[in-house]
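Report on the following structure.
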Amino acid sequence: MYPSMKLTFWGAAGTVTGSMHLVESGDKRFLLDCGLFQGRRKDADRINRNLPFPASSIDAVVLSHAHIDHCGNLPTLVKNGFSGPIFTTPATVDLCNSMLRDTAHIQEKDAEFLNKRLEKRKAQGLENGLVEPLYTMEEAERTLPLFQPVPYHTPHLLAPQLTYVAYDAGHILGSSSVVLHDASNGRVRLAFSGDVGRPNLPIIRHPETPPAAEYLILESTYGGRLHKSVDHVVNKLADVVNRTARRGGRIIVPAFAVGRTQQLVLLLHQLADEKRIPNIPIFVDSPLGINITQVHRDHPECFNDETREYLLHSQDPFGFSRLQYVREAADSKKLNDLHGPFVVISASGMCEQGRILHHLRNNIEDPRNTVLITGFQAQDTLGRKLVEKWPEVRIFGEPMRVRAEISSLDELSAHADQGELLEWIRPLAPSLRKVFLVHGEPQQAQTFAKLLHSTYNLEVAVPVPGQSFELV
């Protein structure tokens, strides 16, 4: 029997970010995700700029969700010659409209900011060359018309013998797991988990497991760890706010604009209603966060019952009296002149770009302040260095002493942990011939691979970049 599908892993193989998997069926080539790799700046720039295949050879992209490590390199694909459709859920289309524009804007502004510094060093004979943005706003705008919405549970034809169906992954608004069905030679069904969410997260519904498949690409971000209960997060968040407020400090919160910002706003709303935190200002300092919050308002069909209750009582789950959304850069800069205590929620979630870098630069050396990390931090990112308690970090190339308290709120992670992944895969296990673990650091993936084999007797591979598999 000839293979009816070939699978090659290019991104998020042996690491967490940069999700990108190539599927070949007949003479057609498709990408599952096209995300930005995040890590050491030079490595990330090299990997993101240099695609491992001709972009024009890709017929279509199936996108699991709107986090930047899954969608953020689509404009580079377009810049290099891709012009096919990008299929994803309606909510993800709307999120990407904001995400990709914002990322392009940040690429341009960060390059401009760094080039001013490089010009000074160049004048002193210390530096050569300038920074080019990975892609521009114009290239992001060329990408957006390629998006085509496909609702959950709706079969969509990718090629004459190849269909896919999306299921709610419960990770962020509009996130999906997908099943590809290739009937050209046999009946190969390939499932791609995307990022699997957790039960009982604020705002969104529980993740659903897709139907039977023979092969599965499965994320393993927390394959070797167990989270504490989601209920625990409310008490911990209240403690951090109260403790910092007593010091007169600021709570600086790097948060992903999609999902995490809205979760934090909803939880702070609840704590404020219950008078469990002091009456201090709370700022969402992120134009992207503001736009994404509006997308959430536009897609109540993705909400869980608790969030829909707010709407039934004519309440805005993402707005309350002490909360202020900051859009303009001039208003963002004014926050530096305010006296604490107050809370600032700002992107990016891994502290790699955007306004959060300016807030960290202005606040990280003050011991009254707290930097509250609220999600997974990839290896070599600034956020990871803070979690690992580095005494000194570089921000915009300048060394800064870390004197602020660093606290982590892992309980808000939107990734399923080891036990939750095991439960998610349980209905699939009897039909699976092979599992490919991606989107995890090697230790997490290897730990989970052994557990999948011992629990369900599954054959598990942990692919490396460029490794291919024939699916028959």
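In the structure tokens, chains take letters A, B, ... by order of appearance, with residues numbered from 1 within each chain and ligands from 1 in the order shown.
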Compile the contact shell of segment 368-375 of chain A as a ChimeraX atom specification: residues with an atom at most 7 Å away, counting only C-alpha atoms, same-chain residues fewer than 4 positions apart removed. /A:244,247-255,363,404-410,412-413
Find the residues around Val78 of chain A up to 9 Å (only C-alpha atoms counted), leave out those fewer than 3 positions away in its own chain, and share them as a list in words. Ala55, Ser56, Asn73, Leu74, Pro75, Gly81, Phe82, Ser83, Gly84, Glu139, Ala140, Arg142 and Thr143 of chain A
What parts of segment 190-407 of chain A does DSSP call strand (DSSP E or B)? I'd like the answer as a ChimeraX atom specification. /A:190-192,204,215-219,222,250-254,282-285,303,323-326,342-346,370-373,392-395,398-401,405-407
Test item: residues at most 12 Å from Arg101 of chain A, only C-alpha atoms, excluding those fewer than 6 positions along its chain, as a PyMOL selection string: chain A and resi 68+71-75+94-95+107-108+135-144+287-288+291-292
Which residues of segment 32-128 of chain A come within 10 Å of segment 151-168 of chain A, and what is each one's closest atom pair and distance in Å (one decimal), counting only C-alpha atoms, sorted by chain and residue number, as a tab-separated table?
```
residue	atom	partner	partner_atom	distance
A:Asp59	CA	A:Leu158	CA	9.0
A:Ala60	CA	A:Leu158	CA	7.8
A:Val61	CA	A:Leu158	CA	9.6
A:Val62	CA	A:Tyr164	CA	8.9
A:Leu63	CA	A:Ala166	CA	9.9
A:Ser64	CA	A:Ala166	CA	8.4
A:Pro85	CA	A:Leu158	CA	9.7
A:Phe87	CA	A:His156	CA	9.1
A:Thr88	CA	A:Pro151	CA	7.7
A:Thr89	CA	A:Pro151	CA	5.2
A:Pro90	CA	A:Pro151	CA	6.3
A:Ala91	CA	A:Pro151	CA	8.9
```
Rounded to one decimal in Å, what is the spacing between atom CA of His299 of chain A and atom CA of Leu173 of chain A? 8.2 Å
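If only C-alpha atoms are the atoms counted, then among A:Met400, A:Ile290, A:Ala378, A:Ala212 the closest residue to Gly18 of chain A is A:Ala378.
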Quick one: residues within 12 Å of Arg189 of chain A, only C-alpha atoms counted, chain neighbours fewer than 3 positions away excluded, as a ChimeraX atom specification? /A:4-5,25,161-165,178-186,192,210-217,428,431-434,471-472
